[in-house]
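What follows is the content of work.tsv, which has TSV, N, CA and C atoms:
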```
chain	number	residue	atom	x	y	z
K	1	MET	N	-23.12	-17.55	32.62
K	1	MET	CA	-21.85	-16.84	32.77
K	1	MET	C	-21.65	-16.46	34.24
K	2	PRO	N	-20.47	-16.72	34.78
K	2	PRO	CA	-20.22	-16.42	36.18
K	2	PRO	C	-20.26	-14.92	36.47
K	3	ARG	N	-20.62	-14.63	37.70
K	3	ARG	CA	-20.60	-13.25	38.17
K	3	ARG	C	-19.16	-12.75	38.16
K	4	GLU	N	-18.98	-11.51	37.76
K	4	GLU	CA	-17.63	-10.95	37.75
K	4	GLU	C	-17.09	-10.82	39.16
K	5	LEU	N	-15.82	-11.03	39.31
K	5	LEU	CA	-15.17	-10.92	40.60
K	5	LEU	C	-14.48	-9.57	40.71
K	6	SER	N	-14.47	-9.02	41.91
K	6	SER	CA	-13.74	-7.78	42.13
K	6	SER	C	-12.25	-8.06	42.04
K	7	GLU	N	-11.47	-7.01	41.88
K	7	GLU	CA	-10.01	-7.19	41.84
K	7	GLU	C	-9.51	-7.79	43.14
K	8	GLU	N	-10.08	-7.37	44.25
K	8	GLU	CA	-9.68	-7.90	45.56
K	8	GLU	C	-10.01	-9.39	45.65
K	9	ALA	N	-11.21	-9.78	45.23
K	9	ALA	CA	-11.60	-11.19	45.25
K	9	ALA	C	-10.67	-12.01	44.37
K	10	PHE	N	-10.38	-11.49	43.20
K	10	PHE	CA	-9.49	-12.16	42.26
K	10	PHE	C	-8.13	-12.41	42.92
K	11	ARG	N	-7.60	-11.40	43.59
K	11	ARG	CA	-6.30	-11.50	44.26
K	11	ARG	C	-6.34	-12.52	45.40
K	12	ILE	N	-7.39	-12.48	46.21
K	12	ILE	CA	-7.55	-13.42	47.33
K	12	ILE	C	-7.63	-14.85	46.82
K	13	LEU	N	-8.42	-15.06	45.77
K	13	LEU	CA	-8.60	-16.40	45.22
K	13	LEU	C	-7.29	-16.96	44.66
K	14	HIS	N	-6.50	-16.11	44.03
K	14	HIS	CA	-5.22	-16.57	43.50
K	14	HIS	C	-4.28	-17.05	44.60
K	15	LYS	N	-4.43	-16.51	45.80
K	15	LYS	CA	-3.56	-16.90	46.92
K	15	LYS	C	-4.09	-18.10	47.69
K	16	SER	N	-5.34	-18.47	47.48
K	16	SER	CA	-5.96	-19.54	48.25
K	16	SER	C	-5.40	-20.90	47.87
K	17	PRO	N	-5.03	-21.72	48.87
K	17	PRO	CA	-4.55	-23.07	48.57
K	17	PRO	C	-5.67	-23.98	48.06
K	18	ALA	N	-6.93	-23.56	48.20
K	18	ALA	CA	-8.07	-24.36	47.72
K	18	ALA	C	-8.38	-24.10	46.25
K	19	VAL	N	-7.72	-23.08	45.69
K	19	VAL	CA	-8.01	-22.68	44.31
K	19	VAL	C	-6.82	-22.97	43.41
K	20	LYS	N	-7.09	-23.70	42.36
K	20	LYS	CA	-6.06	-24.05	41.38
K	20	LYS	C	-5.85	-22.91	40.39
K	21	ASN	N	-6.98	-22.32	39.94
K	21	ASN	CA	-6.90	-21.24	38.96
K	21	ASN	C	-8.18	-20.41	39.00
K	22	VAL	N	-8.04	-19.14	38.63
K	22	VAL	CA	-9.18	-18.24	38.47
K	22	VAL	C	-8.99	-17.55	37.13
K	23	THR	N	-10.02	-17.60	36.30
K	23	THR	CA	-9.90	-16.96	35.00
K	23	THR	C	-10.39	-15.52	35.08
K	24	GLU	N	-10.02	-14.75	34.10
K	24	GLU	CA	-10.45	-13.35	34.04
K	24	GLU	C	-11.96	-13.25	33.93
K	25	SER	N	-12.60	-14.27	33.36
K	25	SER	CA	-14.06	-14.25	33.22
K	25	SER	C	-14.77	-14.67	34.51
K	26	GLY	N	-14.01	-15.03	35.54
K	26	GLY	CA	-14.60	-15.35	36.84
K	26	GLY	C	-14.82	-16.81	37.11
K	27	CYS	N	-14.29	-17.69	36.28
K	27	CYS	CA	-14.39	-19.13	36.54
K	27	CYS	C	-13.35	-19.51	37.59
K	28	ILE	N	-13.79	-20.26	38.59
K	28	ILE	CA	-12.91	-20.69	39.67
K	28	ILE	C	-12.71	-22.19	39.56
K	29	TYR	N	-11.45	-22.61	39.50
K	29	TYR	CA	-11.11	-24.02	39.46
K	29	TYR	C	-10.45	-24.38	40.78
K	30	HIS	N	-11.07	-25.31	41.51
K	30	HIS	CA	-10.57	-25.71	42.82
K	30	HIS	C	-9.58	-26.85	42.68
K	31	THR	N	-8.73	-26.99	43.69
K	31	THR	CA	-7.76	-28.08	43.69
K	31	THR	C	-8.46	-29.40	43.97
K	32	THR	N	-7.84	-30.46	43.53
K	32	THR	CA	-8.34	-31.80	43.80
K	32	THR	C	-8.38	-32.04	45.31
K	33	GLU	N	-7.37	-31.56	46.01
K	33	GLU	CA	-7.31	-31.73	47.46
K	33	GLU	C	-8.52	-31.07	48.14
K	34	PHE	N	-8.89	-29.88	47.68
K	34	PHE	CA	-10.04	-29.22	48.29
K	34	PHE	C	-11.33	-29.98	47.97
K	35	ARG	N	-11.47	-30.43	46.74
K	35	ARG	CA	-12.67	-31.20	46.38
K	35	ARG	C	-12.78	-32.45	47.24
K	36	ASP	N	-11.68	-33.16	47.42
K	36	ASP	CA	-11.68	-34.37	48.26
K	36	ASP	C	-12.04	-34.02	49.71
K	37	HIS	N	-11.43	-32.95	50.21
K	37	HIS	CA	-11.72	-32.48	51.57
K	37	HIS	C	-13.20	-32.12	51.70
K	38	PHE	N	-13.72	-31.42	50.71
K	38	PHE	CA	-15.13	-31.02	50.71
K	38	PHE	C	-16.02	-32.26	50.80
K	39	LEU	N	-15.78	-33.25	49.98
K	39	LEU	CA	-16.62	-34.45	49.96
K	39	LEU	C	-16.56	-35.20	51.29
K	40	LYS	N	-15.39	-35.26	51.91
K	40	LYS	CA	-15.26	-35.93	53.21
K	40	LYS	C	-16.05	-35.18	54.28
K	41	GLU	N	-15.92	-33.86	54.29
K	41	GLU	CA	-16.63	-33.05	55.28
K	41	GLU	C	-18.14	-33.08	55.04
K	42	TYR	N	-18.54	-33.07	53.79
K	42	TYR	CA	-19.96	-33.14	53.44
K	42	TYR	C	-20.55	-34.48	53.91
K	43	ALA	N	-19.80	-35.55	53.76
K	43	ALA	CA	-20.24	-36.87	54.21
K	43	ALA	C	-20.43	-36.91	55.72
K	44	LYS	N	-19.74	-36.04	56.44
K	44	LYS	CA	-19.89	-35.94	57.89
K	44	LYS	C	-21.03	-34.99	58.27
K	45	CYS	N	-21.81	-34.59	57.26
K	45	CYS	CA	-22.98	-33.70	57.45
K	45	CYS	C	-22.62	-32.26	57.78
K	46	HIS	N	-21.42	-31.83	57.42
K	46	HIS	CA	-21.08	-30.42	57.59
K	46	HIS	C	-21.74	-29.61	56.49
K	47	LYS	N	-22.16	-28.42	56.81
K	47	LYS	CA	-22.83	-27.56	55.84
K	47	LYS	C	-21.85	-27.10	54.77
K	48	THR	N	-22.35	-27.04	53.54
K	48	THR	CA	-21.49	-26.69	52.40
K	48	THR	C	-20.84	-25.32	52.59
K	49	THR	N	-21.62	-24.35	53.02
K	49	THR	CA	-21.08	-23.01	53.19
K	49	THR	C	-19.97	-22.99	54.22
K	50	LYS	N	-20.13	-23.77	55.30
K	50	LYS	CA	-19.10	-23.81	56.34
K	50	LYS	C	-17.80	-24.41	55.79
K	51	ILE	N	-17.92	-25.44	54.98
K	51	ILE	CA	-16.72	-26.08	54.41
K	51	ILE	C	-15.95	-25.06	53.56
K	52	PHE	N	-16.66	-24.34	52.72
K	52	PHE	CA	-16.02	-23.31	51.91
K	52	PHE	C	-15.47	-22.19	52.79
K	53	ARG	N	-16.27	-21.76	53.76
K	53	ARG	CA	-15.87	-20.67	54.65
K	53	ARG	C	-14.58	-21.01	55.40
K	54	ASP	N	-14.45	-22.27	55.82
K	54	ASP	CA	-13.28	-22.70	56.60
K	54	ASP	C	-11.97	-22.55	55.83
K	55	VAL	N	-12.03	-22.49	54.50
K	55	VAL	CA	-10.81	-22.29	53.71
K	55	VAL	C	-10.76	-20.88	53.12
K	56	GLY	N	-11.61	-20.00	53.65
K	56	GLY	CA	-11.57	-18.60	53.23
K	56	GLY	C	-12.41	-18.26	52.02
K	57	LEU	N	-13.19	-19.21	51.54
K	57	LEU	CA	-14.02	-18.97	50.36
K	57	LEU	C	-15.45	-18.69	50.82
K	58	THR	N	-15.67	-17.48	51.29
K	58	THR	CA	-16.97	-17.10	51.84
K	58	THR	C	-17.97	-16.82	50.72
K	59	PRO	N	-19.26	-16.94	51.04
K	59	PRO	CA	-20.29	-16.59	50.04
K	59	PRO	C	-20.18	-15.14	49.59
K	60	GLU	N	-19.74	-14.29	50.49
K	60	GLU	CA	-19.57	-12.88	50.14
K	60	GLU	C	-18.46	-12.69	49.11
K	61	LEU	N	-17.47	-13.55	49.16
K	61	LEU	CA	-16.34	-13.48	48.24
K	61	LEU	C	-16.67	-14.09	46.88
K	62	ILE	N	-17.19	-15.31	46.89
K	62	ILE	CA	-17.39	-16.02	45.62
K	62	ILE	C	-18.85	-16.15	45.20
K	63	GLY	N	-19.77	-15.91	46.13
K	63	GLY	CA	-21.19	-16.01	45.80
K	63	GLY	C	-21.76	-17.37	46.18
K	64	ARG	N	-22.97	-17.36	46.67
K	64	ARG	CA	-23.64	-18.60	47.09
K	64	ARG	C	-23.87	-19.56	45.91
K	65	LYS	N	-24.18	-18.99	44.76
K	65	LYS	CA	-24.48	-19.82	43.59
K	65	LYS	C	-23.27	-20.65	43.19
K	66	ARG	N	-22.07	-20.09	43.28
K	66	ARG	CA	-20.86	-20.86	42.96
K	66	ARG	C	-20.70	-22.03	43.92
K	67	ILE	N	-21.02	-21.80	45.18
K	67	ILE	CA	-20.92	-22.88	46.17
K	67	ILE	C	-21.94	-23.97	45.83
K	68	GLU	N	-23.17	-23.55	45.52
K	68	GLU	CA	-24.22	-24.51	45.18
K	68	GLU	C	-23.86	-25.32	43.94
K	69	ARG	N	-23.37	-24.66	42.92
K	69	ARG	CA	-23.03	-25.35	41.68
K	69	ARG	C	-21.84	-26.29	41.84
K	70	SER	N	-20.84	-25.84	42.58
K	70	SER	CA	-19.68	-26.72	42.84
K	70	SER	C	-20.12	-27.95	43.60
K	71	THR	N	-20.95	-27.75	44.62
K	71	THR	CA	-21.46	-28.87	45.41
K	71	THR	C	-22.19	-29.87	44.53
K	72	ALA	N	-23.11	-29.39	43.72
K	72	ALA	CA	-23.89	-30.28	42.85
K	72	ALA	C	-22.99	-31.03	41.88
K	73	ARG	N	-22.03	-30.34	41.29
K	73	ARG	CA	-21.12	-30.96	40.33
K	73	ARG	C	-20.26	-32.04	40.99
K	74	TRP	N	-19.71	-31.74	42.16
K	74	TRP	CA	-18.84	-32.68	42.85
K	74	TRP	C	-19.60	-33.89	43.37
K	75	LEU	N	-20.81	-33.67	43.86
K	75	LEU	CA	-21.61	-34.80	44.34
K	75	LEU	C	-22.02	-35.71	43.20
K	76	GLU	N	-22.37	-35.11	42.07
K	76	GLU	CA	-22.74	-35.91	40.89
K	76	GLU	C	-21.54	-36.72	40.41
K	77	ARG	N	-20.37	-36.10	40.37
K	77	ARG	CA	-19.15	-36.80	39.95
K	77	ARG	C	-18.83	-37.96	40.90
K	78	ALA	N	-18.96	-37.72	42.20
K	78	ALA	CA	-18.69	-38.76	43.19
K	78	ALA	C	-19.69	-39.91	43.06
K	79	LYS	N	-20.93	-39.59	42.78
K	79	LYS	CA	-21.97	-40.61	42.60
K	79	LYS	C	-21.65	-41.49	41.38
K	80	LYS	N	-21.25	-40.86	40.28
K	80	LYS	CA	-20.91	-41.61	39.07
K	80	LYS	C	-19.69	-42.50	39.29
K	81	GLN	N	-18.69	-41.98	40.00
K	81	GLN	CA	-17.50	-42.77	40.28
K	81	GLN	C	-17.83	-43.98	41.15
K	82	LYS	N	-18.73	-43.78	42.10
K	82	LYS	CA	-19.13	-44.87	42.99
K	82	LYS	C	-19.88	-45.94	42.22
K	83	GLU	N	-20.72	-45.53	41.28
K	83	GLU	CA	-21.48	-46.47	40.45
K	83	GLU	C	-20.58	-47.30	39.56
K	84	GLN	N	-19.45	-46.74	39.13
K	84	GLN	CA	-18.53	-47.42	38.24
K	84	GLN	C	-17.72	-48.50	38.97
K	85	HIS	N	-17.62	-48.39	40.27
K	85	HIS	CA	-16.80	-49.34	41.03
K	85	HIS	C	-17.64	-50.42	41.56
```

Let's see the structure in the file written out as structure tokens.
Amino acid sequence: MPRELSEEAFRILHKSPAVKNVTESGCIYHTTEFRDHFLKEYAKCHKTTKIFRDVGLTPELIGRKRIERSTARWLERAKKQKEQH
């Protein structure tokens, strides 16, 4: 279960162009554009935290674990898509 977000974090996330939706339970859904941007920057060897930080999604705001899990999920998805082609 995701860590609860403060009211301020919830409000900030709702305004972020990198976030598609935030649920009351603290699940954050990122936009496809941000995921694509993340993967391109990651391929250039940029640090994951910096990529998130550059769009205002700091570890202090969303938590390091969310960044780690999103990274793992997106990299796995990209790997599977590459294998299919």

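Considering only N, CA and C atoms, the residue among K:Asp54, K:Pro59, K:Glu4, K:Lys47 positioned nearest to Ser25 of chain K is K:Glu4.
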
Find the residues around Leu39 of chain K up to 12 Å (only C-alpha atoms counted), leave out those fewer than 6 positions away in its own chain, and share them as a list in words.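 So, after excluding close chain neighbours, the residues are Thr32, Glu33, Cys45, His46, Lys47, Thr48, Ile51, Phe52, Ser70, Thr71, Ala72, Arg73, Trp74, Leu75, Glu76, Arg77, Ala78 and Lys79 of chain K.
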
Would you please give, as a list in words, all residues of chain K that DSSP assigns to strand (DSSP E) based on the backbone? Val19, Lys20, Asn21, Val22, Ile28, Tyr29 and His30 of chain K

Selection: 12 Å around Glu7 of chain K, only C-alpha atoms, excl. self and same-chain fewer than 6 positions, as a list in words: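 Here the answer would be Leu13, His14, Val22, Thr23, Glu24, Ser25, Gly26 and Leu61 of chain K.
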
Box time for segment 52-55 of chain K: axis-aligned, enclosing all its listed atoms, 8 Å extra on each side; report centre and edge lengths in Å to one decimal, as AutoDock Vina command-line options.
```
--center_x -13.7 --center_y -22.5 --center_z 54.3 --size_x 21.9 --size_y 19.7 --size_z 20.7
```

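Between atom N of Lys44 of chain K and atom C of Lys65 of chain K the interatomic distance comes to 20.6 Å.
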
Atom N of Lys50 of chain K to atom CA of Ser6 of chain K, distance in Å rounded to a single decimal: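 That distance, rounded to one decimal, is 21.7 Å.
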
One decimal, in Å: what's the spacing between atom N of Phe34 of chain K and atom C of Ala18 of chain K?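 Separating atom N of Phe34 of chain K from atom C of Ala18 of chain K is a distance of 6.0 Å.
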
Can you pull out every residue from segment 28-78 of chain K that DSSP, working from the backbone, puts in alpha helix (DSSP H), and format the result as a PyMOL selection string? chain K and resi 32-43+48-54+59-62+64-78

So that I can check the surroundings of Tyr29 of chain K, please list as a PyMOL selection string every protein, DNA and RNA residue that reaches within 6 Å of it, counting only C-alpha atoms and ignoring chain neighbours fewer than 3 positions away. chain K and resi 19-21

Mind checking which residues fall within 8 Å of Ser16 of chain K, counting all atoms listed in the file, ignoring those fewer than 6 positions away in the same chain, and posting them as a list in words?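 With the cut-off at 8 Å, the set is Val55, Gly56 and Leu57 of chain K.
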